[in-house]
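Next comes upload-v5.cif, a file with mmCIF, C-alpha atoms, pLDDT in the B column; chains and numbers go by the auth columns.
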```cif
data_target
#
loop_
_atom_site.group_PDB
_atom_site.id
_atom_site.type_symbol
_atom_site.label_atom_id
_atom_site.label_comp_id
_atom_site.label_asym_id
_atom_site.label_seq_id
_atom_site.Cartn_x
_atom_site.Cartn_y
_atom_site.Cartn_z
_atom_site.B_iso_or_equiv
_atom_site.auth_seq_id
_atom_site.auth_asym_id
ATOM 1 C CA MET A 1 -12.879 16.184 -5.272 85.00 1 A
ATOM 2 C CA GLU A 2 -11.838 12.608 -5.958 91.00 2 A
ATOM 3 C CA MET A 3 -8.259 11.469 -5.450 95.00 3 A
ATOM 4 C CA LYS A 4 -6.784 8.070 -6.138 98.00 4 A
ATOM 5 C CA ILE A 5 -3.296 7.583 -4.733 98.00 5 A
ATOM 6 C CA LEU A 6 -0.924 4.701 -5.457 98.00 6 A
ATOM 7 C CA LEU A 7 1.901 4.346 -2.917 98.00 7 A
ATOM 8 C CA HIS A 8 4.706 2.103 -4.175 98.00 8 A
ATOM 9 C CA VAL A 9 7.313 0.726 -1.781 98.00 9 A
ATOM 10 C CA ASP A 10 10.085 -1.588 -2.934 98.00 10 A
ATOM 11 C CA GLN A 11 12.739 -0.848 -0.292 98.00 11 A
ATOM 12 C CA LEU A 12 12.395 -2.053 3.283 97.00 12 A
ATOM 13 C CA ASP A 13 13.947 1.124 4.666 97.00 13 A
ATOM 14 C CA ARG A 14 11.143 3.192 3.046 97.00 14 A
ATOM 15 C CA ILE A 15 8.303 1.452 4.920 97.00 15 A
ATOM 16 C CA SER A 16 8.283 4.043 7.707 96.00 16 A
ATOM 17 C CA GLU A 17 8.004 6.895 5.217 97.00 17 A
ATOM 18 C CA MET A 18 5.142 5.124 3.432 98.00 18 A
ATOM 19 C CA THR A 19 3.207 4.635 6.672 97.00 19 A
ATOM 20 C CA GLY A 20 3.746 8.315 7.438 97.00 20 A
ATOM 21 C CA ASN A 21 2.451 9.271 3.989 97.00 21 A
ATOM 22 C CA LEU A 22 -0.573 7.040 4.432 97.00 22 A
ATOM 23 C CA THR A 23 -1.291 8.481 7.868 97.00 23 A
ATOM 24 C CA ASN A 24 -1.113 11.996 6.394 97.00 24 A
ATOM 25 C CA LEU A 25 -3.498 11.031 3.590 96.00 25 A
ATOM 26 C CA LEU A 26 -6.003 9.593 6.063 96.00 26 A
ATOM 27 C CA ASN A 27 -5.710 12.697 8.248 96.00 27 A
ATOM 28 C CA TYR A 28 -6.400 14.803 5.163 95.00 28 A
ATOM 29 C CA ARG A 29 -9.508 12.748 4.479 94.00 29 A
ATOM 30 C CA THR A 30 -10.700 13.274 8.058 94.00 30 A
ATOM 31 C CA ASN A 31 -10.262 17.030 7.659 95.00 31 A
ATOM 32 C CA HIS A 32 -11.937 17.080 4.220 94.00 32 A
ATOM 33 C CA PRO A 33 -14.899 14.718 4.530 91.00 33 A
ATOM 34 C CA ASP A 34 -16.437 15.856 1.239 92.00 34 A
ATOM 35 C CA ASP A 35 -13.377 14.698 -0.716 93.00 35 A
ATOM 36 C CA HIS A 36 -13.219 11.077 -1.806 95.00 36 A
ATOM 37 C CA LEU A 37 -9.824 9.463 -1.309 96.00 37 A
ATOM 38 C CA ALA A 38 -8.815 5.947 -2.325 97.00 38 A
ATOM 39 C CA VAL A 39 -5.338 4.581 -1.612 98.00 39 A
ATOM 40 C CA ILE A 40 -3.584 1.437 -2.788 98.00 40 A
ATOM 41 C CA VAL A 41 -0.203 0.484 -1.339 98.00 41 A
ATOM 42 C CA VAL A 42 1.857 -1.821 -3.549 98.00 42 A
ATOM 43 C CA LEU A 43 4.671 -3.713 -1.834 98.00 43 A
ATOM 44 C CA ASN A 44 7.327 -5.460 -3.878 98.00 44 A
ATOM 45 C CA GLY A 45 11.075 -6.029 -3.858 97.00 45 A
ATOM 46 C CA ASP A 46 12.716 -6.083 -0.435 97.00 46 A
ATOM 47 C CA ALA A 47 9.799 -4.120 1.082 98.00 47 A
ATOM 48 C CA ILE A 48 7.814 -7.354 0.991 98.00 48 A
ATOM 49 C CA MET A 49 9.773 -8.438 4.087 97.00 49 A
ATOM 50 C CA ALA A 50 7.798 -5.889 6.114 97.00 50 A
ATOM 51 C CA THR A 51 4.775 -8.186 5.844 96.00 51 A
ATOM 52 C CA LEU A 52 6.452 -10.446 8.426 95.00 52 A
ATOM 53 C CA MET A 53 7.226 -7.673 10.937 95.00 53 A
ATOM 54 C CA PRO A 54 4.725 -7.519 13.843 96.00 54 A
ATOM 55 C CA SER A 55 4.847 -3.714 14.105 94.00 55 A
ATOM 56 C CA PHE A 56 4.092 -3.309 10.393 96.00 56 A
ATOM 57 C CA ARG A 57 1.326 -5.901 10.523 95.00 57 A
ATOM 58 C CA GLN A 58 -0.364 -3.928 13.333 95.00 58 A
ATOM 59 C CA ARG A 59 -0.204 -0.729 11.287 94.00 59 A
ATOM 60 C CA VAL A 60 -1.607 -2.486 8.219 95.00 60 A
ATOM 61 C CA THR A 61 -4.494 -3.885 10.261 94.00 61 A
ATOM 62 C CA ALA A 62 -5.378 -0.367 11.404 94.00 62 A
ATOM 63 C CA PHE A 63 -5.037 1.044 7.892 96.00 63 A
ATOM 64 C CA LEU A 64 -7.218 -1.698 6.397 95.00 64 A
ATOM 65 C CA HIS A 65 -10.058 -0.636 8.703 94.00 65 A
ATOM 66 C CA ALA A 66 -10.108 2.716 6.919 94.00 66 A
ATOM 67 C CA PRO A 67 -12.444 2.860 3.934 94.00 67 A
ATOM 68 C CA ASP A 68 -10.916 2.690 0.460 96.00 68 A
ATOM 69 C CA VAL A 69 -7.438 1.618 1.597 98.00 69 A
ATOM 70 C CA ALA A 70 -5.909 -1.516 0.081 98.00 70 A
ATOM 71 C CA PHE A 71 -2.562 -3.281 0.321 98.00 71 A
ATOM 72 C CA HIS A 72 -1.227 -5.325 -2.597 98.00 72 A
ATOM 73 C CA ALA A 73 1.707 -7.718 -2.211 98.00 73 A
ATOM 74 C CA CYS A 74 3.677 -8.858 -5.248 98.00 74 A
ATOM 75 C CA ASN A 75 3.627 -12.642 -5.575 98.00 75 A
ATOM 76 C CA ASN A 76 6.968 -12.629 -7.398 98.00 76 A
ATOM 77 C CA SER A 77 8.569 -10.795 -4.462 98.00 77 A
ATOM 78 C CA LEU A 78 6.921 -13.138 -1.978 98.00 78 A
ATOM 79 C CA ASN A 79 8.377 -16.107 -3.838 98.00 79 A
ATOM 80 C CA SER A 80 11.852 -14.602 -4.182 97.00 80 A
ATOM 81 C CA HIS A 81 11.949 -13.877 -0.431 98.00 81 A
ATOM 82 C CA GLY A 82 10.580 -17.284 0.576 97.00 82 A
ATOM 83 C CA ILE A 83 7.304 -15.951 1.962 97.00 83 A
ATOM 84 C CA ASN A 84 4.198 -18.070 1.591 96.00 84 A
ATOM 85 C CA PRO A 85 1.133 -15.970 0.672 96.00 85 A
ATOM 86 C CA GLY A 86 -0.655 -17.755 3.527 95.00 86 A
ATOM 87 C CA GLN A 87 1.636 -15.897 5.935 95.00 87 A
ATOM 88 C CA LEU A 88 0.087 -12.567 4.961 96.00 88 A
ATOM 89 C CA GLN A 89 -2.539 -11.074 7.172 92.00 89 A
ATOM 90 C CA SER A 90 -6.140 -11.030 6.137 93.00 90 A
ATOM 91 C CA GLY A 91 -6.997 -8.204 3.803 95.00 91 A
ATOM 92 C CA VAL A 92 -3.661 -8.001 1.983 97.00 92 A
ATOM 93 C CA GLU A 93 -4.245 -8.895 -1.659 98.00 93 A
ATOM 94 C CA VAL A 94 -1.612 -10.885 -3.523 98.00 94 A
ATOM 95 C CA VAL A 95 -1.077 -9.668 -7.079 98.00 95 A
ATOM 96 C CA GLU A 96 0.778 -11.686 -9.687 97.00 96 A
ATOM 97 C CA ALA A 97 3.396 -9.029 -10.453 98.00 97 A
ATOM 98 C CA GLY A 98 3.828 -5.734 -8.620 98.00 98 A
ATOM 99 C CA VAL A 99 5.108 -3.904 -11.696 97.00 99 A
ATOM 100 C CA VAL A 100 2.066 -4.948 -13.705 98.00 100 A
ATOM 101 C CA ASP A 101 -0.225 -3.950 -10.831 98.00 101 A
ATOM 102 C CA LEU A 102 1.412 -0.507 -10.749 98.00 102 A
ATOM 103 C CA ALA A 103 0.685 -0.027 -14.445 98.00 103 A
ATOM 104 C CA ILE A 104 -2.893 -1.294 -14.124 98.00 104 A
ATOM 105 C CA GLN A 105 -3.658 1.034 -11.225 98.00 105 A
ATOM 106 C CA GLN A 106 -2.173 4.010 -13.067 98.00 106 A
ATOM 107 C CA ASP A 107 -4.364 3.177 -16.068 98.00 107 A
ATOM 108 C CA ARG A 108 -7.309 3.251 -13.615 98.00 108 A
ATOM 109 C CA GLY A 109 -6.447 6.821 -12.693 98.00 109 A
ATOM 110 C CA PHE A 110 -4.333 6.304 -9.572 98.00 110 A
ATOM 111 C CA ARG A 111 -1.535 8.852 -9.093 98.00 111 A
ATOM 112 C CA TYR A 112 1.846 7.218 -8.506 98.00 112 A
ATOM 113 C CA ILE A 113 3.824 8.230 -5.413 98.00 113 A
ATOM 114 C CA LYS A 114 7.007 6.526 -4.294 97.00 114 A
ATOM 115 C CA PRO A 115 7.926 7.412 -0.712 94.00 115 A
#
```
For the structure just supplied, provide its representation as structure tokens.
Amino acid sequence: MEMKILLHVDQLDRISEMTGNLTNLLNYRTNHPDDHLAVIVVLNGDAIMATLMPSFRQRVTAFLHAPDVAFHACNNSLNSHGINPGQLQSGVEVVEAGVVDLAIQQDRGFRYIKP
């Protein structure tokens, strides 16, 4: 089976739930090695502030080592919160607009989940 999951977080207080969801998805993949699972996490709105938090950055680093896991950060949200894209850790992709990225990924077959 092939699953493509799109986790969308736009509220800072939902970051913990998203990391829990992502951990559960990766545990599922470990327990079902014949299934293909791809996950994209899209951060926009106030959730973009998590990119500056050391504890979140450590979790993202670990998640990015897993195959087929990607993090996308909305450039509009970065700008509105005064975050320079250069402050993001390696591996986090900046997308022009989070809402457009959400639509693009859904058109590519990703299932939308908002923790």
TODO: Output the residue selection produced by the PyMOL selection byres ((chain A and resi 9) around 10) on the file above, formatted as a PyMOL selection string.
DONE: chain A and resi 6-8+10-15+17-18+41-48+113-115
Using the chain letters and residue numbers of this document, give as a PDB file with C-alpha atoms, keeping the file's coordinate frame the residues selected by the PyMOL selection byres ((chain A and resi 39) around 12).
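For reference, out-v3.pdb as written:
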```pdb
ATOM      1  CA  GLU A   2     -11.838  12.608  -5.958  1.00 91.00           C
ATOM      2  CA  MET A   3      -8.259  11.469  -5.450  1.00 95.00           C
ATOM      3  CA  LYS A   4      -6.784   8.070  -6.138  1.00 98.00           C
ATOM      4  CA  ILE A   5      -3.296   7.583  -4.733  1.00 98.00           C
ATOM      5  CA  LEU A   6      -0.924   4.701  -5.457  1.00 98.00           C
ATOM      6  CA  LEU A   7       1.901   4.346  -2.917  1.00 98.00           C
ATOM      7  CA  HIS A   8       4.706   2.103  -4.175  1.00 98.00           C
ATOM      8  CA  MET A  18       5.142   5.124   3.432  1.00 98.00           C
ATOM      9  CA  THR A  19       3.207   4.635   6.672  1.00 97.00           C
ATOM     10  CA  ASN A  21       2.451   9.271   3.989  1.00 97.00           C
ATOM     11  CA  LEU A  22      -0.573   7.040   4.432  1.00 97.00           C
ATOM     12  CA  THR A  23      -1.291   8.481   7.868  1.00 97.00           C
ATOM     13  CA  ASN A  24      -1.113  11.996   6.394  1.00 97.00           C
ATOM     14  CA  LEU A  25      -3.498  11.031   3.590  1.00 96.00           C
ATOM     15  CA  LEU A  26      -6.003   9.593   6.063  1.00 96.00           C
ATOM     16  CA  ARG A  29      -9.508  12.748   4.479  1.00 94.00           C
ATOM     17  CA  HIS A  36     -13.219  11.077  -1.806  1.00 95.00           C
ATOM     18  CA  LEU A  37      -9.824   9.463  -1.309  1.00 96.00           C
ATOM     19  CA  ALA A  38      -8.815   5.947  -2.325  1.00 97.00           C
ATOM     20  CA  ILE A  40      -3.584   1.437  -2.788  1.00 98.00           C
ATOM     21  CA  VAL A  41      -0.203   0.484  -1.339  1.00 98.00           C
ATOM     22  CA  VAL A  42       1.857  -1.821  -3.549  1.00 98.00           C
ATOM     23  CA  PHE A  63      -5.037   1.044   7.892  1.00 96.00           C
ATOM     24  CA  LEU A  64      -7.218  -1.698   6.397  1.00 95.00           C
ATOM     25  CA  ALA A  66     -10.108   2.716   6.919  1.00 94.00           C
ATOM     26  CA  PRO A  67     -12.444   2.860   3.934  1.00 94.00           C
ATOM     27  CA  ASP A  68     -10.916   2.690   0.460  1.00 96.00           C
ATOM     28  CA  VAL A  69      -7.438   1.618   1.597  1.00 98.00           C
ATOM     29  CA  ALA A  70      -5.909  -1.516   0.081  1.00 98.00           C
ATOM     30  CA  PHE A  71      -2.562  -3.281   0.321  1.00 98.00           C
ATOM     31  CA  HIS A  72      -1.227  -5.325  -2.597  1.00 98.00           C
ATOM     32  CA  GLN A 105      -3.658   1.034 -11.225  1.00 98.00           C
ATOM     33  CA  GLN A 106      -2.173   4.010 -13.067  1.00 98.00           C
ATOM     34  CA  GLY A 109      -6.447   6.821 -12.693  1.00 98.00           C
ATOM     35  CA  PHE A 110      -4.333   6.304  -9.572  1.00 98.00           C
ATOM     36  CA  ARG A 111      -1.535   8.852  -9.093  1.00 98.00           C
ATOM     37  CA  TYR A 112       1.846   7.218  -8.506  1.00 98.00           C
ATOM     38  CA  ILE A 113       3.824   8.230  -5.413  1.00 98.00           C
TER      39      ILE A 113
END
```
TODO: Extract, using all atoms listed in the file, all DNA, RNA and protein residues at most 6 Å from range 96-103 of chain A, discarding same-chain residues fewer than 6 positions from it, and format them as a ChimeraX atom specification.
DONE: /A:44,74-76
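You will find CA of Asn27 in chain A at 18.9 Å from CA of Phe56 in chain A.
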Shell of 9 Å around Arg57 in chain A, all atoms listed in the file, local chain residues under 5 positions omitted, as a short mmCIF file (atom, residue, chain, number, x, y, z; two decimals) with C-alpha atoms, in the coordinates of the input:
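Saved result, around.cif, follows:
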```
data_model
loop_
_atom_site.label_atom_id
_atom_site.label_comp_id
_atom_site.auth_asym_id
_atom_site.auth_seq_id
_atom_site.Cartn_x
_atom_site.Cartn_y
_atom_site.Cartn_z
CA ALA A 50 7.80 -5.89 6.11
CA THR A 51 4.78 -8.19 5.84
CA LEU A 52 6.45 -10.45 8.43
CA ALA A 62 -5.38 -0.37 11.40
CA LEU A 88 0.09 -12.57 4.96
CA GLN A 89 -2.54 -11.07 7.17
#
```
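For the residues A:Met1, A:Met49, A:Ala73, A:Val95, ranking by smallest atom-to-atom distance to Pro33 in chain A using all atoms listed in the file places A:Met1 first.
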Take range 6-22 of chain A, model N, CA and C atoms, and hand the result over as a CSV table (one decimal), keeping the file's coordinate frame.
```csv
chain,number,residue,atom,x,y,z
A,6,LEU,N,-1.6,6.0,-5.4
A,6,LEU,CA,-0.9,4.7,-5.5
A,6,LEU,C,0.4,4.9,-4.8
A,7,LEU,N,0.6,4.3,-3.6
A,7,LEU,CA,1.9,4.3,-2.9
A,7,LEU,C,2.7,3.1,-3.2
A,8,HIS,N,3.9,3.2,-3.8
A,8,HIS,CA,4.7,2.1,-4.2
A,8,HIS,C,5.9,2.0,-3.3
A,9,VAL,N,6.1,0.9,-2.6
A,9,VAL,CA,7.3,0.7,-1.8
A,9,VAL,C,8.0,-0.6,-2.2
A,10,ASP,N,9.3,-0.4,-2.6
A,10,ASP,CA,10.1,-1.6,-2.9
A,10,ASP,C,11.4,-1.7,-2.1
A,11,GLN,N,11.6,-0.8,-1.2
A,11,GLN,CA,12.7,-0.8,-0.3
A,11,GLN,C,12.3,-0.9,1.2
A,12,LEU,N,12.8,-1.8,1.9
A,12,LEU,CA,12.4,-2.1,3.3
A,12,LEU,C,12.6,-0.8,4.1
A,13,ASP,N,13.7,-0.1,3.9
A,13,ASP,CA,13.9,1.1,4.7
A,13,ASP,C,13.0,2.3,4.3
A,14,ARG,N,12.1,2.1,3.4
A,14,ARG,CA,11.1,3.2,3.0
A,14,ARG,C,9.7,2.9,3.6
A,15,ILE,N,9.6,1.8,4.3
A,15,ILE,CA,8.3,1.5,4.9
A,15,ILE,C,7.8,2.5,5.9
A,16,SER,N,8.7,3.0,6.7
A,16,SER,CA,8.3,4.0,7.7
A,16,SER,C,7.8,5.3,7.0
A,17,GLU,N,8.5,5.7,6.0
A,17,GLU,CA,8.0,6.9,5.2
A,17,GLU,C,6.6,6.6,4.6
A,18,MET,N,6.4,5.4,4.0
A,18,MET,CA,5.1,5.1,3.4
A,18,MET,C,4.0,5.2,4.5
A,19,THR,N,4.3,4.6,5.7
A,19,THR,CA,3.2,4.6,6.7
A,19,THR,C,2.9,6.1,7.1
A,20,GLY,N,4.0,6.9,7.1
A,20,GLY,CA,3.7,8.3,7.4
A,20,GLY,C,2.9,9.0,6.4
A,21,ASN,N,3.2,8.7,5.1
A,21,ASN,CA,2.5,9.3,4.0
A,21,ASN,C,1.0,8.8,4.1
A,22,LEU,N,0.8,7.6,4.4
A,22,LEU,CA,-0.6,7.0,4.4
A,22,LEU,C,-1.3,7.7,5.6
```
